[in-house]
$ cat model.pdb   # PDB, C-alpha atoms and all ligand atoms
ATOM      1  CA  MET A   1    -242.549  11.376  27.245
ATOM      2  CA  LYS A   2    -243.722   7.993  26.076
ATOM      3  CA  ALA A   3    -245.824   6.068  28.613
ATOM      4  CA  CYS A   4    -248.146   3.064  28.820
ATOM      5  CA  LEU A   5    -251.418   4.207  30.385
ATOM      6  CA  PHE A   6    -254.489   2.549  31.784
ATOM      7  CA  ASP A   7    -257.561   4.802  31.781
ATOM      8  CA  GLY A   8    -259.808   2.477  33.737
ATOM      9  CA  ARG A   9    -260.958   0.634  30.620
ATOM     10  CA  THR A  10    -258.177   0.262  28.091
ATOM     11  CA  VAL A  11    -254.398   0.240  27.907
ATOM     12  CA  ARG A  12    -252.664   2.474  25.364
ATOM     13  CA  ILE A  13    -249.357   4.150  24.587
ATOM     14  CA  ASP A  14    -249.263   7.941  24.908
ATOM     15  CA  THR A  15    -246.274   9.514  23.160
ATOM     16  CA  ALA A  16    -246.875  12.976  24.666
ATOM     17  CA  TYR A  17    -247.578  12.158  28.297
ATOM     18  CA  PRO A  18    -246.437  14.962  30.645
ATOM     19  CA  ASP A  19    -242.973  14.192  32.010
ATOM     20  CA  ALA A  20    -242.784  13.167  35.636
ATOM     21  CA  ALA A  21    -242.462  16.175  37.970
ATOM     22  CA  PRO A  22    -240.712  15.303  41.235
ATOM     23  CA  ALA A  23    -242.223  16.666  44.460
ATOM     24  CA  GLN A  24    -240.134  17.671  47.500
ATOM     25  CA  GLY A  25    -237.771  14.805  48.404
ATOM     26  CA  GLU A  26    -238.417  12.977  45.138
ATOM     27  CA  VAL A  27    -236.121  12.319  42.209
ATOM     28  CA  ARG A  28    -236.675  11.450  38.579
ATOM     29  CA  VAL A  29    -235.442   8.115  37.285
ATOM     30  CA  ARG A  30    -234.900   7.215  33.624
ATOM     31  CA  VAL A  31    -236.341   3.717  33.272
ATOM     32  CA  GLN A  32    -234.028   1.230  31.554
ATOM     33  CA  LEU A  33    -236.029  -1.942  31.933
ATOM     34  CA  ALA A  34    -239.381  -2.790  33.534
ATOM     35  CA  GLY A  35    -241.125  -6.045  34.408
ATOM     36  CA  VAL A  36    -244.767  -7.076  34.093
ATOM     37  CA  CYS A  37    -246.294  -8.551  37.238
ATOM     38  CA  ARG A  38    -249.608 -10.190  38.097
ATOM     39  CA  THR A  39    -250.665  -6.966  39.801
ATOM     40  CA  ASP A  40    -250.463  -5.136  36.453
ATOM     41  CA  LEU A  41    -252.728  -7.764  34.935
ATOM     42  CA  GLU A  42    -255.202  -7.367  37.826
ATOM     43  CA  ILE A  43    -255.169  -3.587  37.352
ATOM     44  CA  ILE A  44    -256.023  -3.743  33.654
ATOM     45  CA  LYS A  45    -258.971  -5.985  34.471
ATOM     46  CA  GLY A  46    -260.169  -2.953  36.434
ATOM     47  CA  TYR A  47    -259.929  -4.747  39.786
ATOM     48  CA  MET A  48    -257.904  -2.146  41.651
ATOM     49  CA  GLY A  49    -259.384   1.214  40.690
ATOM     50  CA  PHE A  50    -256.043   2.519  39.418
ATOM     51  CA  THR A  51    -255.655   4.833  36.442
ATOM     52  CA  GLY A  52    -252.373   6.253  35.139
ATOM     53  CA  VAL A  53    -248.996   4.897  34.046
ATOM     54  CA  LEU A  54    -248.744   1.159  34.765
ATOM     55  CA  GLY A  55    -245.794  -0.799  36.131
ATOM     56  CA  HIS A  56    -243.820  -1.003  39.379
ATOM     57  CA  GLU A  57    -240.897  -3.339  38.681
ATOM     58  CA  PHE A  58    -237.970  -1.454  37.143
ATOM     59  CA  VAL A  59    -234.294  -0.673  36.992
ATOM     60  CA  GLY A  60    -233.202   2.769  35.831
ATOM     61  CA  THR A  61    -230.794   5.642  36.245
ATOM     62  CA  ALA A  62    -231.322   8.349  38.877
ATOM     63  CA  LEU A  63    -231.366  11.725  37.126
ATOM     64  CA  GLU A  64    -230.780  13.857  40.199
ATOM     65  CA  GLY A  65    -230.044  13.761  43.914
ATOM     66  CA  ARG A  66    -227.549  11.736  45.935
ATOM     67  CA  LEU A  67    -227.540   8.839  43.453
ATOM     68  CA  GLU A  68    -227.478  10.950  40.281
ATOM     69  CA  GLY A  69    -226.095   8.966  37.351
ATOM     70  CA  ARG A  70    -226.217   5.659  39.249
ATOM     71  CA  ARG A  71    -228.273   2.633  38.331
ATOM     72  CA  VAL A  72    -231.065   2.132  40.835
ATOM     73  CA  VAL A  73    -234.078   0.046  41.742
ATOM     74  CA  GLY A  74    -236.733   1.434  44.041
ATOM     75  CA  GLY A  75    -239.151   0.484  46.801
ATOM     76  CA  ILE A  76    -242.649   0.994  45.472
ATOM     77  CA  ASN A  77    -244.375   2.228  48.659
ATOM     78  CA  CYS A  78    -244.207   5.997  49.056
ATOM     79  CA  VAL A  79    -244.971   6.978  52.617
ATOM     80  CA  CYS A  80    -245.854  10.067  54.658
ATOM     81  CA  GLY A  81    -243.459   9.530  57.564
ATOM     82  CA  ALA A  82    -245.969  11.064  59.985
ATOM     83  CA  CYS A  83    -248.933   8.720  60.463
ATOM     84  CA  ASP A  84    -249.259   6.200  63.298
ATOM     85  CA  MET A  85    -247.948   3.301  61.165
ATOM     86  CA  CYS A  86    -244.925   5.281  59.945
ATOM     87  CA  ARG A  87    -244.150   6.396  63.506
ATOM     88  CA  ARG A  88    -244.398   2.784  64.645
ATOM     89  CA  GLY A  89    -241.702   1.769  62.136
ATOM     90  CA  LEU A  90    -244.159   0.132  59.739
ATOM     91  CA  PRO A  91    -243.798   2.446  56.750
ATOM     92  CA  THR A  92    -244.962  -0.134  54.201
ATOM     93  CA  HIS A  93    -248.306   0.126  56.023
ATOM     94  CA  CYS A  94    -248.403   3.945  55.922
ATOM     95  CA  ARG A  95    -252.032   5.080  56.075
ATOM     96  CA  ASN A  96    -251.366   7.709  53.408
ATOM     97  CA  ARG A  97    -249.129   5.710  51.103
ATOM     98  CA  THR A  98    -249.107   5.862  47.347
ATOM     99  CA  THR A  99    -247.696   2.935  45.407
ATOM    100  CA  LEU A 100    -245.774   3.147  42.163
ATOM    101  CA  GLY A 101    -248.028   2.141  39.265
ATOM    102  CA  ILE A 102    -250.598   0.608  41.631
ATOM    103  CA  ASP A 103    -252.194   3.305  43.748
ATOM    104  CA  GLY A 104    -252.116   7.080  43.355
ATOM    105  CA  ARG A 105    -248.755   7.320  41.579
ATOM    106  CA  ASP A 106    -247.658   6.934  37.956
ATOM    107  CA  GLY A 107    -245.536   3.862  37.344
ATOM    108  CA  ALA A 108    -242.589   2.420  35.476
ATOM    109  CA  PHE A 109    -243.880   1.606  31.963
ATOM    110  CA  ALA A 110    -242.640   5.014  30.814
ATOM    111  CA  GLU A 111    -239.436   6.782  29.910
ATOM    112  CA  HIS A 112    -239.274   8.412  33.370
ATOM    113  CA  LEU A 113    -240.786   7.903  36.797
ATOM    114  CA  THR A 114    -240.458   9.713  40.116
ATOM    115  CA  LEU A 115    -239.935   8.212  43.541
ATOM    116  CA  PRO A 116    -238.852   9.556  46.931
ATOM    117  CA  GLU A 117    -235.053   9.606  46.983
ATOM    118  CA  ALA A 118    -235.181   7.491  50.152
ATOM    119  CA  ASN A 119    -236.809   4.641  48.191
ATOM    120  CA  LEU A 120    -233.905   4.226  45.770
ATOM    121  CA  VAL A 121    -231.332   1.465  46.169
ATOM    122  CA  PRO A 122    -228.134   1.554  44.059
ATOM    123  CA  VAL A 123    -227.360  -1.478  41.907
ATOM    124  CA  PRO A 124    -223.744  -2.719  41.782
ATOM    125  CA  ASP A 125    -222.124  -3.188  38.348
ATOM    126  CA  ARG A 126    -222.032  -6.958  38.680
ATOM    127  CA  VAL A 127    -225.844  -7.063  38.684
ATOM    128  CA  SER A 128    -227.193  -6.716  35.129
ATOM    129  CA  ASP A 129    -230.382  -4.829  34.225
ATOM    130  CA  ARG A 130    -232.086  -8.134  33.459
ATOM    131  CA  GLN A 131    -231.254  -9.297  36.987
ATOM    132  CA  ALA A 132    -231.982  -6.019  38.756
ATOM    133  CA  VAL A 133    -235.490  -5.776  37.317
ATOM    134  CA  PHE A 134    -236.334  -8.764  39.547
ATOM    135  CA  ALA A 135    -235.487  -6.864  42.753
ATOM    136  CA  GLU A 136    -239.097  -6.004  43.620
ATOM    137  CA  PRO A 137    -240.587  -9.504  43.326
ATOM    138  CA  LEU A 138    -237.439 -10.967  44.915
ATOM    139  CA  ALA A 139    -237.873  -8.574  47.844
ATOM    140  CA  ALA A 140    -241.406  -9.924  48.224
ATOM    141  CA  ALA A 141    -239.949 -13.448  48.397
ATOM    142  CA  LEU A 142    -237.330 -12.387  50.971
ATOM    143  CA  GLN A 143    -240.015 -10.730  53.087
ATOM    144  CA  ILE A 144    -241.140 -14.228  54.123
ATOM    145  CA  LEU A 145    -237.816 -14.736  55.940
ATOM    146  CA  ARG A 146    -238.395 -11.504  57.878
ATOM    147  CA  GLN A 147    -241.786 -12.720  59.029
ATOM    148  CA  ILE A 148    -241.162 -16.358  59.930
ATOM    149  CA  ALA A 149    -238.101 -18.444  60.735
ATOM    150  CA  VAL A 150    -237.313 -20.950  57.968
ATOM    151  CA  GLU A 151    -234.803 -23.309  59.564
ATOM    152  CA  PRO A 152    -232.251 -25.215  57.446
ATOM    153  CA  GLY A 153    -233.677 -28.663  56.820
ATOM    154  CA  ALA A 154    -237.273 -27.503  57.233
ATOM    155  CA  GLU A 155    -239.872 -29.297  55.126
ATOM    156  CA  THR A 156    -241.310 -26.598  52.884
ATOM    157  CA  VAL A 157    -243.884 -26.499  50.109
ATOM    158  CA  VAL A 158    -244.415 -23.707  47.581
ATOM    159  CA  LEU A 159    -247.788 -23.667  45.883
ATOM    160  CA  GLY A 160    -247.497 -22.036  42.455
ATOM    161  CA  ASP A 161    -244.848 -22.218  39.734
ATOM    162  CA  GLY A 162    -245.292 -18.647  38.459
ATOM    163  CA  ARG A 163    -243.115 -15.575  38.839
ATOM    164  CA  LEU A 164    -243.212 -15.397  42.612
ATOM    165  CA  GLY A 165    -243.260 -19.131  43.331
ATOM    166  CA  GLN A 166    -240.068 -19.541  41.307
ATOM    167  CA  LEU A 167    -238.264 -16.868  43.339
ATOM    168  CA  VAL A 168    -239.535 -18.125  46.712
ATOM    169  CA  ALA A 169    -238.341 -21.622  45.813
ATOM    170  CA  GLN A 170    -234.833 -20.383  45.013
ATOM    171  CA  VAL A 171    -234.662 -18.233  48.154
ATOM    172  CA  PHE A 172    -235.626 -21.236  50.299
ATOM    173  CA  GLN A 173    -233.186 -23.512  48.467
ATOM    174  CA  ALA A 174    -230.372 -21.051  49.182
ATOM    175  CA  ARG A 175    -231.202 -21.409  52.900
ATOM    176  CA  ASP A 176    -231.056 -25.218  52.877
ATOM    177  CA  ALA A 177    -234.822 -25.412  53.014
ATOM    178  CA  ALA A 178    -235.472 -26.372  49.389
ATOM    179  CA  PRO A 179    -239.208 -26.766  48.880
ATOM    180  CA  MET A 180    -241.345 -29.065  46.889
ATOM    181  CA  VAL A 181    -243.075 -26.833  44.342
ATOM    182  CA  VAL A 182    -246.622 -27.721  43.355
ATOM    183  CA  GLY A 183    -247.502 -26.247  39.966
ATOM    184  CA  MET A 184    -249.598 -26.541  36.837
ATOM    185  CA  ALA A 185    -247.187 -25.785  33.979
ATOM    186  CA  PRO A 186    -244.709 -28.545  33.045
ATOM    187  CA  ALA A 187    -242.328 -26.030  31.418
ATOM    188  CA  LYS A 188    -242.200 -23.912  34.582
ATOM    189  CA  LEU A 189    -241.710 -26.952  36.798
ATOM    190  CA  ALA A 190    -238.877 -28.020  34.487
ATOM    191  CA  ILE A 191    -237.010 -24.756  35.195
ATOM    192  CA  LEU A 192    -237.137 -25.549  38.914
ATOM    193  CA  ALA A 193    -236.126 -29.173  38.348
ATOM    194  CA  ARG A 194    -233.024 -27.980  36.452
ATOM    195  CA  LEU A 195    -232.062 -26.021  39.568
ATOM    196  CA  GLY A 196    -232.381 -29.186  41.635
ATOM    197  CA  ILE A 197    -235.716 -28.256  43.219
ATOM    198  CA  ALA A 198    -238.346 -30.963  43.704
ATOM    199  CA  THR A 199    -241.579 -30.439  41.803
ATOM    200  CA  VAL A 200    -244.923 -32.104  41.377
ATOM    201  CA  HIS A 201    -247.857 -31.341  39.095
ATOM    202  CA  ALA A 202    -250.899 -30.251  41.107
ATOM    203  CA  ALA A 203    -252.911 -33.103  39.601
ATOM    204  CA  ASN A 204    -250.487 -35.654  41.100
ATOM    205  CA  ALA A 205    -249.802 -33.949  44.439
ATOM    206  CA  LYS A 206    -250.616 -35.985  47.518
ATOM    207  CA  PRO A 207    -250.763 -33.636  50.495
ATOM    208  CA  THR A 208    -249.733 -35.361  53.708
ATOM    209  CA  LYS A 209    -250.039 -32.554  56.267
ATOM    210  CA  THR A 210    -246.331 -32.738  57.040
ATOM    211  CA  ALA A 211    -244.877 -29.421  55.817
ATOM    212  CA  ASP A 212    -243.404 -27.046  58.390
ATOM    213  CA  VAL A 213    -243.975 -24.081  56.068
ATOM    214  CA  VAL A 214    -246.304 -23.719  53.087
ATOM    215  CA  VAL A 215    -246.060 -20.622  50.889
ATOM    216  CA  GLU A 216    -249.138 -19.949  48.821
ATOM    217  CA  CYS A 217    -248.261 -18.170  45.535
ATOM    218  CA  THR A 218    -250.952 -19.626  43.302
ATOM    219  CA  GLY A 219    -252.748 -16.380  42.592
ATOM    220  CA  ALA A 220    -255.908 -18.484  42.802
ATOM    221  CA  ALA A 221    -258.791 -18.301  45.240
ATOM    222  CA  ALA A 222    -258.379 -21.969  46.176
ATOM    223  CA  GLY A 223    -254.765 -21.501  47.327
ATOM    224  CA  LEU A 224    -255.455 -21.313  51.048
ATOM    225  CA  ALA A 225    -257.516 -24.517  51.050
ATOM    226  CA  MET A 226    -254.673 -26.262  49.256
ATOM    227  CA  ALA A 227    -252.121 -24.883  51.730
ATOM    228  CA  MET A 228    -254.171 -26.251  54.619
ATOM    229  CA  ALA A 229    -253.931 -29.724  53.093
ATOM    230  CA  PHE A 230    -250.113 -29.584  53.084
ATOM    231  CA  VAL A 231    -249.251 -27.881  56.376
ATOM    232  CA  ARG A 232    -248.521 -29.923  59.498
ATOM    233  CA  PRO A 233    -250.137 -29.245  62.873
ATOM    234  CA  ARG A 234    -248.502 -26.118  64.415
ATOM    235  CA  GLY A 235    -247.029 -25.367  60.971
ATOM    236  CA  ARG A 236    -247.138 -22.034  59.170
ATOM    237  CA  ILE A 237    -248.866 -20.897  55.993
ATOM    238  CA  VAL A 238    -247.612 -17.764  54.218
ATOM    239  CA  LEU A 239    -250.241 -16.173  51.954
ATOM    240  CA  LYS A 240    -248.961 -14.211  48.991
ATOM    241  CA  SER A 241    -252.032 -14.226  46.722
ATOM    242  CA  THR A 242    -254.206 -11.182  47.216
ATOM    243  CA  VAL A 243    -257.093 -13.044  45.586
ATOM    244  CA  ALA A 244    -257.218 -15.566  48.438
ATOM    245  CA  ASP A 245    -260.881 -16.146  49.142
ATOM    246  CA  THR A 246    -262.250 -17.946  52.164
ATOM    247  CA  ALA A 247    -265.803 -18.207  50.831
ATOM    248  CA  GLY A 248    -267.015 -21.719  51.539
ATOM    249  CA  LEU A 249    -263.682 -22.646  53.106
ATOM    250  CA  ASN A 250    -263.763 -24.505  56.404
ATOM    251  CA  LEU A 251    -261.322 -22.698  58.689
ATOM    252  CA  ALA A 252    -261.743 -25.217  61.528
ATOM    253  CA  PRO A 253    -258.497 -27.088  60.631
ATOM    254  CA  ILE A 254    -256.554 -23.890  61.379
ATOM    255  CA  VAL A 255    -257.927 -24.033  64.919
ATOM    256  CA  VAL A 256    -257.717 -27.789  65.380
ATOM    257  CA  ASP A 257    -254.182 -28.033  63.962
ATOM    258  CA  GLU A 258    -253.116 -24.707  65.525
ATOM    259  CA  VAL A 259    -251.796 -23.438  62.203
ATOM    260  CA  THR A 260    -250.330 -19.939  61.921
ATOM    261  CA  VAL A 261    -251.403 -18.028  58.795
ATOM    262  CA  VAL A 262    -249.229 -15.054  57.839
ATOM    263  CA  GLY A 263    -250.063 -12.517  55.152
ATOM    264  CA  SER A 264    -247.011 -11.259  53.281
ATOM    265  CA  ARG A 265    -246.508  -8.483  50.741
ATOM    266  CA  CYS A 266    -243.576  -6.203  49.847
ATOM    267  CA  GLY A 267    -240.073  -6.744  51.156
ATOM    268  CA  PRO A 268    -236.607  -5.222  51.555
ATOM    269  CA  MET A 269    -235.195  -3.962  48.231
ATOM    270  CA  ASP A 270    -231.634  -3.632  49.562
ATOM    271  CA  ALA A 271    -231.636  -7.294  50.631
ATOM    272  CA  ALA A 272    -232.952  -8.248  47.192
ATOM    273  CA  VAL A 273    -230.118  -6.429  45.438
ATOM    274  CA  GLU A 274    -227.637  -8.183  47.763
ATOM    275  CA  GLU A 275    -229.217 -11.545  46.967
ATOM    276  CA  LEU A 276    -228.773 -10.882  43.234
ATOM    277  CA  ALA A 277    -225.217  -9.595  43.690
ATOM    278  CA  ALA A 278    -224.312 -12.742  45.643
ATOM    279  CA  GLY A 279    -225.621 -14.884  42.781
ATOM    280  CA  ARG A 280    -227.988 -16.761  45.072
ATOM    281  CA  VAL A 281    -230.888 -16.474  42.635
ATOM    282  CA  GLU A 282    -230.911 -17.334  38.954
ATOM    283  CA  VAL A 283    -233.388 -15.162  37.083
ATOM    284  CA  GLU A 284    -232.387 -15.527  33.421
ATOM    285  CA  PRO A 285    -234.462 -18.715  32.867
ATOM    286  CA  LEU A 286    -237.511 -16.826  34.162
ATOM    287  CA  ILE A 287    -237.468 -14.201  31.384
ATOM    288  CA  THR A 288    -239.795 -15.423  28.651
ATOM    289  CA  ALA A 289    -240.094 -12.272  26.495
ATOM    290  CA  GLU A 290    -238.942  -8.681  26.096
ATOM    291  CA  TYR A 291    -240.862  -5.921  24.290
ATOM    292  CA  PRO A 292    -240.099  -2.276  23.506
ATOM    293  CA  LEU A 293    -242.287   0.250  25.354
ATOM    294  CA  ASP A 294    -244.154   0.966  22.076
ATOM    295  CA  GLU A 295    -245.431  -2.612  22.264
ATOM    296  CA  ALA A 296    -246.317  -2.596  25.964
ATOM    297  CA  VAL A 297    -249.915  -3.546  25.161
ATOM    298  CA  ALA A 298    -248.651  -6.710  23.459
ATOM    299  CA  ALA A 299    -246.310  -7.311  26.415
ATOM    300  CA  LEU A 300    -249.260  -7.289  28.819
ATOM    301  CA  GLN A 301    -251.153  -9.716  26.567
ATOM    302  CA  GLU A 302    -248.092 -11.966  26.455
ATOM    303  CA  ALA A 303    -247.697 -11.858  30.257
ATOM    304  CA  ALA A 304    -251.295 -13.056  30.669
ATOM    305  CA  LYS A 305    -250.599 -16.272  28.752
ATOM    306  CA  PRO A 306    -250.298 -19.313  31.006
ATOM    307  CA  GLU A 307    -246.858 -20.243  29.645
ATOM    308  CA  ALA A 308    -245.341 -16.774  30.299
ATOM    309  CA  ILE A 309    -243.191 -16.202  33.355
ATOM    310  CA  LYS A 310    -241.494 -12.796  33.381
ATOM    311  CA  VAL A 311    -242.150 -10.432  30.480
ATOM    312  CA  LEU A 312    -239.933  -7.345  30.278
ATOM    313  CA  ILE A 313    -240.603  -3.926  28.762
ATOM    314  CA  ARG A 314    -237.753  -1.730  27.531
ATOM    315  CA  PRO A 315    -238.430   2.022  27.180
TER     316      PRO A 315
HETATM  317 ZN    ZN A 401    -244.772  -6.939  41.139
HETATM  318 ZN    ZN A 402    -247.454   7.294  56.970
END
$ encode --input "model.pdb" --output "structure tokens"
Amino acid sequence: MKACLFDGRTVRIDTAYPDAAPAQGEVRVRVQLAGVCRTDLEIIKGYMGFTGVLGHEFVGTALEGRLEGRRVVGGINCVCGACDMCRRGLPTHCRNRTTLGIDGRDGAFAEHLTLPEANLVPVPDRVSDRQAVFAEPLAAALQILRQIAVEPGAETVVLGDGRLGQLVAQVFQARDAAPMVVGMAPAKLAILARLGIATVHAANAKPTKTADVVVECTGAAAGLAMAMAFVRPRGRIVLKSTVADTAGLNLAPIVVDEVTVVGSRCGPMDAAVEELAAGRVEVEPLITAEYPLDEAVAALQEAAKPEAIKVLIRP
């Protein structure tokens, strides 16, 4: 099959990559559409030690099993079901997990992928492929609501106007907790403004330490320091950037202001599909380019440009 590979140094298309072979409990999925994410860009910089087929955001058709012939999206964490974390009901923290296109498992920038059947979530007809491909990052946005209470009317701030910040902002808006989004790209802030979400350019932001909740989606090391400038005493900071770096950062304000800092990663795929089906999130304005799988290398280059939001790859 055709697949977009990273060998630890370079990205290339292989037209004769061995087809995915499902293990016990796994099914093959024909990929219809895939999305490029910041994690993919981190991987091809060699930051994550992954080699193999890239990509973890997808919508496709199950080729076997209970959902055979149905359109599906899939949770990316593949778990053992037997370790202490799995037994505790924390499967996304499985000690033995592999992660689609990120860690120990070939990903979605290919004609086929395999996932455990239990990871697949069917997609209703009223959700298009271009919507469904957002399920994984949208699940990550919804995960915040599973970790902290965001009350209607809460004062919220989202730091970052990229792929994830856009989705978090819409999820909060749909819960009557519309944020102010602090970003760097006027075109991306304009998309939010059209949806009725307040925005400010980072250069003009005046943090007042009044936000109940601050979600840090900057993808930049300085994100946590910035979040601390916005959050109120006893407020909560949700960290989404895995590059968050505390080097040289004074953590004393977290103690003095009794701030809660919550790390947040993957979320519920079924809830994400529901959110899309209910029309609570508008994703079309976030798609800035689509490439065929043959041009996946160009798609990754495009996704790295500051003006890109979501770049899609079609096998
Ligand atoms: Zn992603
Ligand atoms: Zn486990």
$ resolve_selection --input "model.pdb" --expression "the PyMOL selection byres (((chain A and resi 260) around 9) and not hetatm)" --output "PyMOL selection string"
chain A and resi 234-238+254+258-259+261-262
$ atom_distance --input "model.pdb" --atom1 "atom CA of A:Gly160" --atom2 "atom CA of A:Cys37"
14.5 Å
$ residues_near_ligand --input "model.pdb" --ligand "ligand ZN 401 (chain A)" --cutoff "7 Å" --atoms "only C-alpha atoms and all ligand atoms" --output "ChimeraX atom specification"
/A:37-39,56-57,136-137
$ write_last_selection --input "model.pdb" --atoms "C-alpha atoms" --output "compact mmCIF listing (two decimals), in the frame of the given file"
# COMPACT_ATOMS: atom_id res chain seq x y z
CA CYS A 37 -246.29 -8.55 37.24
CA ARG A 38 -249.61 -10.19 38.10
CA THR A 39 -250.66 -6.97 39.80
CA HIS A 56 -243.82 -1.00 39.38
CA GLU A 57 -240.90 -3.34 38.68
CA GLU A 136 -239.10 -6.00 43.62
CA PRO A 137 -240.59 -9.50 43.33
$ residues_around --input "model.pdb" --residues "A:Gly196" --least-positions-apart "3" --cutoff "10 Å" --atoms "only C-alpha atoms" --output "PyMOL selection string"
chain A and resi 170+173+178+190-193+199
$ closest_atom_pairs --input "model.pdb" --of "chain A" --to "ligand ZN 402 (chain A)" --cutoff "8 Å" --atoms "only C-alpha atoms and all ligand atoms" --output "Markdown table"
| residue | atom | partner | partner_atom | distance |
| --- | --- | --- | --- | --- |
| A:Val79 | CA | A:ZN402 | ZN | 5.0 |
| A:Cys80 | CA | A:ZN402 | ZN | 3.9 |
| A:Gly81 | CA | A:ZN402 | ZN | 4.6 |
| A:Ala82 | CA | A:ZN402 | ZN | 5.1 |
| A:Cys83 | CA | A:ZN402 | ZN | 4.1 |
| A:Asp84 | CA | A:ZN402 | ZN | 6.7 |
| A:Met85 | CA | A:ZN402 | ZN | 5.8 |
| A:Cys86 | CA | A:ZN402 | ZN | 4.4 |
| A:Arg87 | CA | A:ZN402 | ZN | 7.4 |
| A:Pro91 | CA | A:ZN402 | ZN | 6.1 |
| A:His93 | CA | A:ZN402 | ZN | 7.3 |
| A:Cys94 | CA | A:ZN402 | ZN | 3.6 |
| A:Arg95 | CA | A:ZN402 | ZN | 5.2 |
| A:Asn96 | CA | A:ZN402 | ZN | 5.3 |
| A:Arg97 | CA | A:ZN402 | ZN | 6.3 |
$ write_last_selection --input "model.pdb" --atoms "C-alpha atoms" --output "PDB file, keeping the file's coordinate frame"
ATOM      1  CA  VAL A  79    -244.971   6.978  52.617  1.00  0.00           C
ATOM      2  CA  CYS A  80    -245.854  10.067  54.658  1.00  0.00           C
ATOM      3  CA  GLY A  81    -243.459   9.530  57.564  1.00  0.00           C
ATOM      4  CA  ALA A  82    -245.969  11.064  59.985  1.00  0.00           C
ATOM      5  CA  CYS A  83    -248.933   8.720  60.463  1.00  0.00           C
ATOM      6  CA  ASP A  84    -249.259   6.200  63.298  1.00  0.00           C
ATOM      7  CA  MET A  85    -247.948   3.301  61.165  1.00  0.00           C
ATOM      8  CA  CYS A  86    -244.925   5.281  59.945  1.00  0.00           C
ATOM      9  CA  ARG A  87    -244.150   6.396  63.506  1.00  0.00           C
ATOM     10  CA  PRO A  91    -243.798   2.446  56.750  1.00  0.00           C
ATOM     11  CA  HIS A  93    -248.306   0.126  56.023  1.00  0.00           C
ATOM     12  CA  CYS A  94    -248.403   3.945  55.922  1.00  0.00           C
ATOM     13  CA  ARG A  95    -252.032   5.080  56.075  1.00  0.00           C
ATOM     14  CA  ASN A  96    -251.366   7.709  53.408  1.00  0.00           C
ATOM     15  CA  ARG A  97    -249.129   5.710  51.103  1.00  0.00           C
TER      16      ARG A  97
END
$ resolve_selection --input "model.pdb" --expression "the PyMOL selection byres (((chain A and resi 118-135) around 8) and not hetatm)" --output "PyMOL selection string"
chain A and resi 25+32-35+57-59+67+70-78+115-117+136-139+269-270+272-273+276-277+283-284
$ closest_residue --input "model.pdb" --among "A:Met180, A:Ala205, A:Ala304, A:Ala299" --to "A:Phe109" --atoms "all atoms listed in the file"
A:Ala299
$ atom_distance --input "model.pdb" --atom1 "atom CA of A:Glu275" --atom2 "atom CA of A:Gly60"
18.6 Å
$ residues_around --input "model.pdb" --residues "A:Glu64" --least-positions-apart "5" --cutoff "8 Å" --atoms "all atoms listed in the file" --output "MDAnalysis selection string"
chainID A and resid 27:29 69
$ closest_residue --input "model.pdb" --among "A:Pro285, A:Pro207, A:Ala296, A:Val214" --to "A:Phe6" --atoms "all atoms listed in the file"
A:Ala296
$ closest_residue --input "model.pdb" --among "A:Gly162, A:Pro315, A:Pro233, A:Gly89" --to "A:Ala220" --atoms "all atoms listed in the file"
A:Gly162
$ closest_residue --input "model.pdb" --among "A:Gly55, A:Gly248, A:Pro186, A:Pro253" --to "A:Ala110" --atoms "all atoms listed in the file"
A:Gly55
$ atom_distance --input "model.pdb" --atom1 "atom CA of A:Arg9" --atom2 "atom CA of A:Ala298"
16.0 Å
$ residues_around --input "model.pdb" --residues "stretch 142-158 of chain A" --least-positions-apart "6" --cutoff "9 Å" --atoms "only C-alpha atoms" --output "CSV table (one decimal) with C-alpha atoms, in the frame of the given file"
chain,number,residue,atom,x,y,z
A,165,GLY,CA,-243.3,-19.1,43.3
A,166,GLN,CA,-240.1,-19.5,41.3
A,167,LEU,CA,-238.3,-16.9,43.3
A,168,VAL,CA,-239.5,-18.1,46.7
A,169,ALA,CA,-238.3,-21.6,45.8
A,171,VAL,CA,-234.7,-18.2,48.2
A,172,PHE,CA,-235.6,-21.2,50.3
A,175,ARG,CA,-231.2,-21.4,52.9
A,176,ASP,CA,-231.1,-25.2,52.9
A,177,ALA,CA,-234.8,-25.4,53.0
A,178,ALA,CA,-235.5,-26.4,49.4
A,179,PRO,CA,-239.2,-26.8,48.9
A,180,MET,CA,-241.3,-29.1,46.9
A,181,VAL,CA,-243.1,-26.8,44.3
A,182,VAL,CA,-246.6,-27.7,43.4
A,183,GLY,CA,-247.5,-26.2,40.0
A,210,THR,CA,-246.3,-32.7,57.0
A,211,ALA,CA,-244.9,-29.4,55.8
A,212,ASP,CA,-243.4,-27.0,58.4
A,213,VAL,CA,-244.0,-24.1,56.1
A,214,VAL,CA,-246.3,-23.7,53.1
A,215,VAL,CA,-246.1,-20.6,50.9
A,216,GLU,CA,-249.1,-19.9,48.8
A,217,CYS,CA,-248.3,-18.2,45.5
A,218,THR,CA,-251.0,-19.6,43.3
A,227,ALA,CA,-252.1,-24.9,51.7
A,230,PHE,CA,-250.1,-29.6,53.1
A,231,VAL,CA,-249.3,-27.9,56.4
A,236,ARG,CA,-247.1,-22.0,59.2
A,238,VAL,CA,-247.6,-17.8,54.2
A,262,VAL,CA,-249.2,-15.1,57.8
A,264,SER,CA,-247.0,-11.3,53.3
A,265,ARG,CA,-246.5,-8.5,50.7
A,266,CYS,CA,-243.6,-6.2,49.8
A,267,GLY,CA,-240.1,-6.7,51.2
A,268,PRO,CA,-236.6,-5.2,51.6
A,271,ALA,CA,-231.6,-7.3,50.6
A,272,ALA,CA,-233.0,-8.2,47.2
$ residues_around --input "model.pdb" --residues "stretch 50-54 of chain A" --least-positions-apart "2" --cutoff "7 Å" --atoms "all atoms listed in the file" --output "count of residues only"
16
